[in-house]
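Each remark here refers to the structure printed beneath this line.
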Number of protein chains: 2
Amino acid sequence: MAADGLLPPTHAQTFRLSMPRDSSALDGLRTAVAEAGAVVGALDLVEGRGGRVIRDVVLRVRDATHGDELLGVLARLEAVGVLGTSDRVMDLHYGGKLQIQTKVPVKTREDLAMVYTPGVARVCSAIAANPKLARTYTIKRNSVAVISDGSAVLGLGDIGPAAAMPVMEGKAMLLKDFAGVDAYPICLDERDPDRLVEMIAALSVGFGGINLEDISAPRCFEVEGKLRQRVDIPVFHDDQHGTAVVVLAALLNAVRLVGKSVGTDLRVVVQGIGAAGIAVSNLLMAAGVTDLVGVDKNGIVTPRRREARDPIYRRFGKQTNPRQLEGAKEVALDGADVFIGLSAANTLTMEQLDLMAADAITFAMANPSPEIDPALARGRAAVVATGRSDEPNQINNVLCFPGLFRGLLDAGATGIDDAVKLAAARAIADIVEADELSPDYIIPSPFNRAVVPAVAGAVTAAAEAVAAATPS
Amino acid sequence: MAADGLLPPTHAQTFRLSMPRDSSALDGLRTAVAEAGAVVGALDLVEGRGGRVIRDVVLRVRDATHGDELLGVLARLEAVGVLGTSDRVMDLHYGGKLQIQTKVPVKTREDLAMVYTPGVARVCSAIAANPKLARTYTIKRNSVAVISDGSAVLGLGDIGPAAAMPVMEGKAMLLKDFAGVDAYPICLDERDPDRLVEMIAALSVGFGGINLEDISAPRCFEVEGKLRQRVDIPVFHDDQHGTAVVVLAALLNAVRLVGKSVGTDLRVVVQGIGAAGIAVSNLLMAAGVTDLVGVDKNGIVTPRRREARDPIYRRFGKQTNPRQLEGAKEVALDGADVFIGLSAANTLTMEQLDLMAADAITFAMANPSPEIDPALARGRAAVVATGRSDEPNQINNVLCFPGLFRGLLDAGATGIDDAVKLAAARAIADIVEADELSPDYIIPSPFNRAVVPAVAGAVTAAAEAVAAATPS
């Protein structure tokens, strides 16, 4: 398992080989593969007549280049012929990851007359007379549009709308699989924020919620802000607010663990003032943090800095940094209780970490490589979290968005506000019970089945409380 | 069955009744219901302790008003209490008619790493490097957007996008159920044709085809025409071209039956020069009809008529009517072989029908009431078809669009042209074999399982022939 465990599950390649039937040929294959640093994951006999057989051999490899190397290794093996090769992740994506399922049969003319013309006309007329019935008699009741323009996809950047589809399909899958939400991926070939708003508002009619995804900053702020004014369903930019909810959840447990609290005494430094950094900061302040300082590669963010000509940046500078610190990052880190990194790999040094207060909390979430090596950071900080699945305390948005949308749809919510996000964060944090809480367990696993119902229930309650307080 | 057969399947209402257990109470109920013109469709015992029981009684009624009357009848029955009532068609629509299904499990962290981050990034990168791979590795391979603005829905007219959703969901259901196409309904709250084109083009990225639906004329011409220029997937306005394909299919068999042919000798009158009328005329001319005359409530359409200031109307006037007829509809009908009505109820008289040639063919497709009573028309015309499901020879678009999109997706088609539509029409017509052909059977049933594969195969072949002839 040692060598196997080091190979990522995302790279497995299937080779179709023609080879002698005798077991020594298979032994030779295993040896050659092991020598090349790969592992035989599975063997299937495809055809086995006579002295030669055709086998599909799955090899777990390090990456695509390693897979190409293995092709060469296999091709050089005596008496083995490579008939073809395929790739496990690519194969899984063949034809896409979603399909439509009908909920009502259409087997007879009578069925047709009910779900289509002429019967359907009565349902249409009922909705025309009372538009609220769209939530009762159409898929609006349980549907979310997962929308991107492909401008900031994962760590890949601006790869365009077509290439963003697999991510949006994946997100839709998770919404269905984790929370029973019927989500559909829509990638838009449009970059102008106002036109994006027009389009998304126009198509929002049939949906009960909108999950914006992988839209680059600062356009994402404008798109989300204007959309919220335009539509009567919740709009949620996951890269911002999903991250904010999960960071807050982790922070609530981290401060509990070290005997501090999310309040006016807590000194927080947020590094990386992009879409996620701003959203995290806003939600932390909504949760009661007042002493929050933003830093980026030019040091502490203040309303007087040059970049502050950007209104979003200037507003951030005004709303944070109550002690009006100026200068280098070290000034902000001096005595800080919490470091939250949403920036770039290896941008926090041990010397900088040493400036922090006792029982420091460090969330280093740059992907795929954190701001600081978590193993090193654990030598100094009391709690360390990252975005990585192979480290303890993974800050993963999957903890938030499925349960959040489940709760919003269940409430028939027309919007989303801080109360809802705070409720979601508290629900996630509360999954970890007091006697379980430890430096390597401040946040539940995305596969913990208690997460979605807890988040959904808390969100529904919060959304209904908001609705009850709002005169309609 | 006689009374039952007259009641439409689209109106069935369930009443929850508290009533005495003895059978005489049930007999009294049946009698009262029958006297009120309804039929007991089903009986379910919900709860049956003691001397009284609770039953769900399904009554088939004429319409919603009739259902309300029955409620009164039941309420007046001695010893019967009405606890509640619900409606079968409305119930079927509760929560919508579609859901999303995932094709790949996400049960483990390893699954997540393959269908979502980090594995999915490799699929994204592959598509970014070669956009054609979107058809291989995303739902684009098998998906169709069913798009409407809700401006001309069924016979209901302009009921808006939210109220149009049930029809679009129904269409998507049929695409899935009949042809395995994953279709998603999108209703757009937008009326400007140029903005509709922008929006649909932008969202077309993730789809393999676009089915436009229930968009009012003349906007539908502009939207469809401009979209075809903009996108690299087939765009099909079903109200126009679906109708055209099925009308042509019926006509091919009708002329075969009476020993005529679709060619220069055939005199065709099309009544109702809206979206469908123009599309039908164009496809009939593409199939070889030359003597086609359009008529509307002002008589024969010519390029010199007042309405001809509309460019679509003027073009139609120029491209049709080769004998340059003028004046009343009767002039056109004199000696005509075929009458195709896409207009309004009771607009063709027996006297007008009498003007037609021997072995006249009459397609009276106004919905829900045809241009002429088909029973009367059968006394004079050799072949009569309508849009009604309760008459022989129903011209139903369901015969076309599922197989058409199946074939286009299978071919990876980037567009659609007359050759494809003609192939679809011939495939539908050919389902009716020579020895089956009769005045009451010129077109197959939508539930004939041979239709979709025949249409799909013919469309794929035609689309691939077009693609092969087009330098890419």
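Ordering of the structure tokens sets the chain letters (A, B, ...); residue numbers start at 1 within each chain; ligands are numbered from 1 in the order shown.
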Check every residue of chain B for an atom within 6 Å of chain A, counting only C-alpha atoms, and provide those that qualify as a CSV table (one decimal) with all heavy atoms, in the first residue's frame.
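Output contents, as saved in part.csv:
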chain,number,residue,atom,x,y,z
B,9,PRO,N,-59.2,12.5,-20.3
B,9,PRO,CA,-58.3,12.0,-19.2
B,9,PRO,C,-57.7,13.2,-18.4
B,9,PRO,O,-57.1,13.0,-17.4
B,9,PRO,CB,-57.2,11.3,-20.0
B,9,PRO,CG,-57.3,11.9,-21.4
B,9,PRO,CD,-58.7,12.3,-21.6
B,10,THR,N,-57.8,14.4,-19.0
B,10,THR,CA,-57.1,15.5,-18.4
B,10,THR,C,-57.8,16.0,-17.2
B,10,THR,O,-57.3,16.9,-16.4
B,10,THR,CB,-56.9,16.6,-19.4
B,10,THR,OG1,-58.1,16.9,-20.0
B,10,THR,CG2,-55.9,16.2,-20.4
B,89,VAL,N,-54.3,16.0,-12.8
B,89,VAL,CA,-53.3,16.6,-13.7
B,89,VAL,C,-52.4,17.5,-12.8
B,89,VAL,O,-51.1,17.5,-12.9
B,89,VAL,CB,-53.9,17.4,-14.8
B,89,VAL,CG1,-52.9,18.3,-15.5
B,89,VAL,CG2,-54.5,16.5,-15.8
B,93,HIS,N,-48.2,17.2,-11.7
B,93,HIS,CA,-47.2,18.2,-12.0
B,93,HIS,C,-46.5,18.7,-10.7
B,93,HIS,O,-45.6,19.5,-10.7
B,93,HIS,CB,-47.8,19.4,-12.7
B,93,HIS,CG,-48.0,19.2,-14.1
B,93,HIS,ND1,-49.1,18.4,-14.6
B,93,HIS,CD2,-47.3,19.5,-15.2
B,93,HIS,CE1,-49.0,18.4,-15.9
B,93,HIS,NE2,-47.9,19.0,-16.3
B,94,TYR,N,-46.9,18.2,-9.5
B,94,TYR,CA,-46.4,18.7,-8.3
B,94,TYR,C,-44.8,18.5,-8.3
B,94,TYR,O,-44.3,17.4,-8.4
B,94,TYR,CB,-47.0,18.0,-7.1
B,94,TYR,CG,-46.5,18.5,-5.8
B,94,TYR,CD1,-47.1,19.7,-5.2
B,94,TYR,CD2,-45.5,17.9,-5.1
B,94,TYR,CE1,-46.6,20.2,-4.0
B,94,TYR,CE2,-45.0,18.4,-3.9
B,94,TYR,CZ,-45.6,19.5,-3.4
B,94,TYR,OH,-45.1,20.0,-2.2
B,95,GLY,N,-44.1,19.6,-8.1
B,95,GLY,CA,-42.7,19.6,-8.0
B,95,GLY,C,-42.0,19.4,-9.3
B,95,GLY,O,-40.8,19.3,-9.4
B,96,GLY,N,-42.8,19.5,-10.4
B,96,GLY,CA,-42.2,19.4,-11.8
B,96,GLY,C,-42.0,18.0,-12.2
B,96,GLY,O,-42.3,17.1,-11.5
B,97,LYS,N,-41.7,17.9,-13.5
B,97,LYS,CA,-41.7,16.6,-14.2
B,97,LYS,C,-40.4,16.0,-14.5
B,97,LYS,O,-40.3,14.9,-15.1
B,97,LYS,CB,-42.6,16.7,-15.5
B,97,LYS,CG,-44.0,17.0,-15.2
B,97,LYS,CD,-44.8,17.2,-16.5
B,97,LYS,CE,-44.5,18.5,-17.1
B,97,LYS,NZ,-45.4,18.9,-18.2
B,98,LEU,N,-39.3,16.7,-14.1
B,98,LEU,CA,-38.0,16.3,-14.5
B,98,LEU,C,-37.1,16.3,-13.2
B,98,LEU,O,-37.3,17.0,-12.3
B,98,LEU,CB,-37.3,17.2,-15.5
B,98,LEU,CG,-38.0,17.5,-16.8
B,98,LEU,CD1,-37.2,18.6,-17.5
B,98,LEU,CD2,-38.0,16.2,-17.6
B,99,GLN,N,-36.1,15.4,-13.2
B,99,GLN,CA,-35.0,15.6,-12.2
B,99,GLN,C,-33.7,15.2,-12.9
B,99,GLN,O,-33.6,14.7,-14.0
B,99,GLN,CB,-35.3,14.7,-11.0
B,99,GLN,CG,-35.4,13.2,-11.4
B,99,GLN,CD,-35.8,12.4,-10.1
B,99,GLN,OE1,-35.4,12.7,-9.0
B,99,GLN,NE2,-36.6,11.4,-10.3
B,100,ILE,N,-32.6,15.6,-12.1
B,100,ILE,CA,-31.3,15.3,-12.6
B,100,ILE,C,-30.8,14.0,-12.0
B,100,ILE,O,-31.1,13.7,-10.8
B,100,ILE,CB,-30.3,16.4,-12.1
B,100,ILE,CG1,-30.8,17.8,-12.6
B,100,ILE,CG2,-28.9,16.1,-12.5
B,100,ILE,CD1,-30.7,18.0,-14.1
B,101,GLN,N,-30.1,13.2,-12.8
B,101,GLN,CA,-29.5,12.0,-12.3
B,101,GLN,C,-28.0,12.0,-12.6
B,101,GLN,O,-27.6,12.4,-13.7
B,101,GLN,CB,-30.2,10.8,-13.0
B,101,GLN,CG,-30.0,9.5,-12.3
B,101,GLN,CD,-30.8,8.4,-12.9
B,101,GLN,OE1,-31.1,8.5,-14.1
B,101,GLN,NE2,-31.0,7.3,-12.2
B,102,THR,N,-27.2,11.6,-11.6
B,102,THR,CA,-25.8,11.5,-11.8
B,102,THR,C,-25.5,10.2,-12.5
B,102,THR,O,-26.1,9.2,-12.2
B,102,THR,CB,-25.0,11.7,-10.5
B,102,THR,OG1,-25.4,10.6,-9.6
B,102,THR,CG2,-25.4,13.0,-9.8
B,103,LYS,N,-24.5,10.2,-13.4
B,103,LYS,CA,-24.1,9.0,-14.1
B,103,LYS,C,-22.9,8.3,-13.5
B,103,LYS,O,-22.5,7.2,-13.9
B,103,LYS,CB,-23.7,9.4,-15.5
B,103,LYS,CG,-25.0,9.8,-16.3
B,103,LYS,CD,-24.6,10.6,-17.6
B,103,LYS,CE,-24.1,9.6,-18.7
B,103,LYS,NZ,-23.8,10.4,-20.0
B,110,GLU,N,-12.0,9.3,-3.2
B,110,GLU,CA,-11.4,9.0,-4.5
B,110,GLU,C,-12.3,9.3,-5.7
B,110,GLU,O,-11.9,9.9,-6.7
B,110,GLU,CB,-11.0,7.5,-4.6
B,110,GLU,CG,-10.1,7.1,-5.8
B,110,GLU,CD,-9.5,5.7,-5.7
B,110,GLU,OE1,-9.4,5.2,-4.6
B,110,GLU,OE2,-9.1,5.2,-6.7
B,114,MET,N,-11.9,12.4,-8.7
B,114,MET,CA,-11.9,12.1,-10.1
B,114,MET,C,-13.0,13.0,-10.8
B,114,MET,O,-12.7,13.5,-11.9
B,114,MET,CB,-12.1,10.6,-10.4
B,114,MET,CG,-10.9,9.8,-10.0
B,114,MET,SD,-10.9,8.2,-10.7
B,114,MET,CE,-12.2,7.4,-9.7
B,115,VAL,N,-14.2,13.1,-10.2
B,115,VAL,CA,-15.2,13.8,-10.9
B,115,VAL,C,-15.2,15.3,-10.6
B,115,VAL,O,-15.9,16.1,-11.3
B,115,VAL,CB,-16.6,13.3,-10.6
B,115,VAL,CG1,-16.7,11.8,-10.9
B,115,VAL,CG2,-17.0,13.5,-9.1
B,116,TYR,N,-14.5,15.7,-9.5
B,116,TYR,CA,-14.4,17.1,-9.1
B,116,TYR,C,-12.9,17.4,-9.0
B,116,TYR,O,-12.1,16.7,-9.5
B,116,TYR,CB,-15.2,17.3,-7.9
B,116,TYR,CG,-15.7,18.7,-7.6
B,116,TYR,CD1,-16.4,19.4,-8.6
B,116,TYR,CD2,-15.4,19.3,-6.4
B,116,TYR,CE1,-16.8,20.7,-8.4
B,116,TYR,CE2,-15.8,20.6,-6.2
B,116,TYR,CZ,-16.5,21.3,-7.1
B,116,TYR,OH,-16.9,22.6,-6.9
B,119,GLY,N,-9.1,16.0,-10.2
B,119,GLY,CA,-9.1,15.2,-11.4
B,119,GLY,C,-9.7,16.0,-12.6
B,119,GLY,O,-9.3,15.9,-13.7
B,124,CYS,N,-10.9,19.5,-18.1
B,124,CYS,CA,-11.0,20.9,-18.5
B,124,CYS,C,-9.9,21.3,-19.4
B,124,CYS,O,-10.1,22.0,-20.5
B,124,CYS,CB,-11.0,21.8,-17.3
B,124,CYS,SG,-12.4,21.6,-16.2
B,127,ILE,N,-10.2,20.0,-22.9
B,127,ILE,CA,-11.2,20.8,-23.7
B,127,ILE,C,-10.7,22.1,-24.1
B,127,ILE,O,-10.9,22.6,-25.2
B,127,ILE,CB,-12.6,20.9,-23.0
B,127,ILE,CG1,-13.2,19.5,-22.8
B,127,ILE,CG2,-13.6,21.7,-23.8
B,127,ILE,CD1,-14.4,19.4,-21.8
B,128,ALA,N,-10.0,22.8,-23.2
B,128,ALA,CA,-9.4,24.1,-23.5
B,128,ALA,C,-8.5,24.0,-24.7
B,128,ALA,O,-8.4,24.8,-25.5
B,128,ALA,CB,-8.7,24.7,-22.2
B,136,THR,N,-17.3,15.2,-26.4
B,136,THR,CA,-16.9,13.9,-26.0
B,136,THR,C,-17.0,13.8,-24.4
B,136,THR,O,-17.5,12.8,-23.9
B,136,THR,CB,-15.4,13.6,-26.4
B,136,THR,OG1,-15.3,13.8,-27.8
B,136,THR,CG2,-15.1,12.2,-26.1
B,137,TYR,N,-16.6,14.8,-23.7
B,137,TYR,CA,-16.4,14.7,-22.3
B,137,TYR,C,-17.4,15.5,-21.5
B,137,TYR,O,-17.2,15.7,-20.3
B,137,TYR,CB,-15.0,15.1,-21.9
B,137,TYR,CG,-14.0,14.0,-22.4
B,137,TYR,CD1,-13.0,14.4,-23.4
B,137,TYR,CD2,-14.0,12.7,-22.0
B,137,TYR,CE1,-12.1,13.5,-23.9
B,137,TYR,CE2,-13.1,11.8,-22.5
B,137,TYR,CZ,-12.2,12.2,-23.4
B,137,TYR,OH,-11.3,11.2,-23.9
B,138,THR,N,-18.4,16.1,-22.1
B,138,THR,CA,-19.4,16.8,-21.3
B,138,THR,C,-20.8,16.4,-21.8
B,138,THR,O,-21.0,15.8,-22.8
B,138,THR,CB,-19.3,18.4,-21.4
B,138,THR,OG1,-19.8,18.8,-22.7
B,138,THR,CG2,-17.8,18.8,-21.3
B,139,ILE,N,-21.8,16.9,-21.1
B,139,ILE,CA,-23.2,16.6,-21.5
B,139,ILE,C,-23.6,17.2,-22.8
B,139,ILE,O,-24.7,16.9,-23.3
B,139,ILE,CB,-24.2,17.1,-20.4
B,139,ILE,CG1,-24.0,18.6,-20.0
B,139,ILE,CG2,-24.0,16.3,-19.1
B,139,ILE,CD1,-25.0,19.2,-19.1
B,141,ARG,N,-22.7,16.3,-25.5
B,141,ARG,CA,-22.9,15.2,-26.3
B,141,ARG,C,-24.3,14.8,-26.5
B,141,ARG,O,-24.7,14.3,-27.6
B,141,ARG,CB,-22.1,14.0,-25.7
B,141,ARG,CG,-22.1,12.8,-26.6
B,141,ARG,CD,-21.2,11.7,-26.0
B,141,ARG,NE,-21.0,10.6,-27.0
B,141,ARG,CZ,-20.1,10.7,-28.0
B,141,ARG,NH1,-19.3,11.7,-28.1
B,141,ARG,NH2,-20.0,9.7,-28.9
B,159,ILE,N,-48.4,34.1,-22.1
B,159,ILE,CA,-48.6,33.9,-20.7
B,159,ILE,C,-47.3,34.1,-19.9
B,159,ILE,O,-47.3,33.9,-18.7
B,159,ILE,CB,-49.2,32.5,-20.4
B,159,ILE,CG1,-48.3,31.4,-20.9
B,159,ILE,CG2,-50.6,32.3,-20.9
B,159,ILE,CD1,-48.7,30.0,-20.5
B,162,ALA,N,-42.6,32.1,-16.9
B,162,ALA,CA,-42.8,31.2,-15.8
B,162,ALA,C,-44.0,30.2,-16.1
B,162,ALA,O,-43.9,29.0,-15.8
B,162,ALA,CB,-43.1,31.9,-14.5
B,163,ALA,N,-45.1,30.7,-16.6
B,163,ALA,CA,-46.2,29.9,-16.9
B,163,ALA,C,-46.0,28.9,-18.1
B,163,ALA,O,-46.7,28.0,-18.3
B,163,ALA,CB,-47.4,30.7,-17.2
B,170,GLY,N,-42.6,19.4,-20.3
B,170,GLY,CA,-43.2,18.3,-21.0
B,170,GLY,C,-42.5,17.9,-22.2
B,170,GLY,O,-42.2,16.7,-22.5
B,173,MET,N,-39.4,16.0,-21.3
B,173,MET,CA,-39.8,14.7,-20.9
B,173,MET,C,-39.9,13.8,-22.2
B,173,MET,O,-39.4,12.7,-22.2
B,173,MET,CB,-41.1,14.7,-20.3
B,173,MET,CG,-41.2,15.1,-18.9
B,173,MET,SD,-43.0,14.9,-18.4
B,173,MET,CE,-43.0,13.2,-17.9
B,182,ASP,N,-31.2,14.0,-23.4
B,182,ASP,CA,-31.2,14.8,-22.2
B,182,ASP,C,-31.5,16.3,-22.5
B,182,ASP,O,-30.6,17.0,-22.8
B,182,ASP,CB,-29.9,14.6,-21.4
B,182,ASP,CG,-29.7,13.2,-21.0
B,182,ASP,OD1,-30.6,12.7,-20.3
B,182,ASP,OD2,-28.6,12.6,-21.3
B,188,LEU,N,-37.0,32.1,-20.8
B,188,LEU,CA,-36.3,33.4,-20.7
B,188,LEU,C,-37.2,34.6,-20.6
B,188,LEU,O,-38.2,34.7,-21.4
B,188,LEU,CB,-35.4,33.6,-22.0
B,188,LEU,CG,-34.3,32.6,-22.1
B,188,LEU,CD1,-33.6,32.7,-23.5
B,188,LEU,CD2,-33.2,32.8,-21.1
B,189,ASP,N,-37.0,35.4,-19.6
B,189,ASP,CA,-37.8,36.6,-19.3
B,189,ASP,C,-37.2,37.7,-20.2
B,189,ASP,O,-36.6,38.6,-19.6
B,189,ASP,CB,-37.8,36.9,-17.8
B,189,ASP,CG,-38.7,38.1,-17.5
B,189,ASP,OD1,-39.5,38.4,-18.4
B,189,ASP,OD2,-38.6,38.6,-16.4
B,199,MET,N,-28.6,35.9,-25.7
B,199,MET,CA,-28.6,35.0,-24.6
B,199,MET,C,-28.5,33.6,-25.0
B,199,MET,O,-27.8,32.8,-24.4
B,199,MET,CB,-30.0,35.3,-23.8
B,199,MET,CG,-30.0,36.6,-23.1
B,199,MET,SD,-31.7,36.9,-22.4
B,199,MET,CE,-31.4,38.5,-21.7
B,202,ALA,N,-25.1,32.7,-26.1
B,202,ALA,CA,-24.2,32.6,-25.0
B,202,ALA,C,-24.4,31.3,-24.2
B,202,ALA,O,-23.4,30.6,-23.8
B,202,ALA,CB,-24.4,33.8,-24.1
B,203,LEU,N,-25.6,30.8,-24.0
B,203,LEU,CA,-25.8,29.6,-23.2
B,203,LEU,C,-25.7,28.3,-24.0
B,203,LEU,O,-25.8,27.2,-23.5
B,203,LEU,CB,-27.1,29.7,-22.4
B,203,LEU,CG,-28.5,29.7,-23.1
B,203,LEU,CD1,-28.9,28.3,-23.5
B,203,LEU,CD2,-29.5,30.3,-22.2
B,205,VAL,N,-23.3,27.0,-25.4
B,205,VAL,CA,-22.0,26.4,-25.2
B,205,VAL,C,-22.1,24.9,-24.7
B,205,VAL,O,-21.5,24.0,-25.2
B,205,VAL,CB,-21.1,27.2,-24.2
B,205,VAL,CG1,-19.9,26.4,-23.8
B,205,VAL,CG2,-20.8,28.5,-24.8
Could you go through segment 89-256 of chain B and tell me which residues DSSP, when run on the backbone, assigns to helix (DSSP H, G or I), listing them as a PyMOL selection string?
chain B and resi 89-93+109-115+120-129+131-137+139-142+161-179+193-206+219-230+238-256
In terms of only C-alpha atoms, the residue from B:Ala276, B:Leu252, B:Ile312, B:Ala38 at minimal distance from Ala427 of chain B is B:Leu252
Which residues are close to Asn396 of chain A, i.e. within 12 Å by only C-alpha atoms, leaving aside same-chain residues fewer than 4 positions away? Reply as a count of residues only.
33
Run DSSP on the backbone of this structure and report the residues of segment 24-239 of chain A it assigns to strand (DSSP E), as a PyMOL selection string.
chain A and resi 39-47+52-60+81-87+98-102+143-148+182-187+209-212+235-237
Can you measure atom CA of Asp410 of chain B to atom CA of Glu433 of chain B for me? One decimal in Å is fine.
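For atom CA of Asp410 of chain B relative to atom CA of Glu433 of chain B, the distance reads 26.3 Å.
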Distance query Val262 of chain A at most 10 Å, only C-alpha atoms, self and fewer than 5 positions along chain excluded, as an NGL selection string
:A and (248 or 251-256 or 267-268 or 284-285 or 287-290)
Measuring between only C-alpha atoms, which one of B:Ile361, B:Val40, B:Arg315, B:Val53 shows the shortest distance to Asp27 of chain B?
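The answer is B:Val40, which sits nearest to Asp27 of chain B.
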To one decimal place in Å, what is the distance between atom CA of Val293 of chain A and atom CA of Pro311 of chain A?
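Separation of atom CA of Val293 of chain A and atom CA of Pro311 of chain A: 17.5 Å.
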Could you tell me how far atom CA of Ala145 of chain A sits from atom CA of Leu227 of chain A, in Å to one decimal place?
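It comes out at 13.4 Å.
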Residue contacts of Ala42 of chain A (9 Å, only C-alpha atoms) excluding same-chain residues fewer than 5 positions away, as a list in words
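In the requested form, the answer reads Thr14, Asp56, Val57, Val58 and Leu59 of chain A.
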Take the selection from the previous step and output its residues with N, CA and C atoms, as a compact mmCIF listing (two decimals), in the first residue's frame.
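Listing of part.txt after writing:
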# COMPACT_ATOMS: atom_id res chain seq x y z
N THR A 14 -5.53 2.81 -18.45
CA THR A 14 -5.78 1.42 -18.83
C THR A 14 -5.04 1.13 -20.13
N ASP A 56 -6.87 -6.13 -20.27
CA ASP A 56 -6.90 -4.71 -19.92
C ASP A 56 -6.21 -4.56 -18.58
N VAL A 57 -5.14 -3.80 -18.57
CA VAL A 57 -4.34 -3.63 -17.35
C VAL A 57 -4.44 -2.18 -16.90
N VAL A 58 -4.97 -1.96 -15.69
CA VAL A 58 -5.07 -0.60 -15.16
C VAL A 58 -3.81 -0.31 -14.35
N LEU A 59 -3.09 0.73 -14.73
CA LEU A 59 -1.90 1.14 -13.98
C LEU A 59 -2.17 2.46 -13.28
Residues near Arg55 of chain B, cut-off 9 Å, only C-alpha atoms, skip fewer than 3 positions along chain, as a PDB file with C-alpha atoms, in the first residue's frame:
ATOM      1  CA  PHE B  15     -62.226  13.583  -3.287  1.00  0.00           C
ATOM      2  CA  ARG B  16     -61.403  12.386   0.226  1.00  0.00           C
ATOM      3  CA  LEU B  17     -64.691  11.389   1.782  1.00  0.00           C
ATOM      4  CA  SER B  18     -65.780  10.297   5.221  1.00  0.00           C
ATOM      5  CA  MET B  19     -68.756   7.937   4.769  1.00  0.00           C
ATOM      6  CA  LEU B  43     -61.755   3.942  -4.976  1.00  0.00           C
ATOM      7  CA  ASP B  44     -59.150   3.665  -2.231  1.00  0.00           C
ATOM      8  CA  LEU B  45     -59.802   2.990   1.413  1.00  0.00           C
ATOM      9  CA  VAL B  46     -57.599   5.325   3.436  1.00  0.00           C
ATOM     10  CA  GLU B  47     -58.728   4.460   6.946  1.00  0.00           C
ATOM     11  CA  GLY B  48     -61.379   1.985   7.972  1.00  0.00           C
TER      12      GLY B  48
END
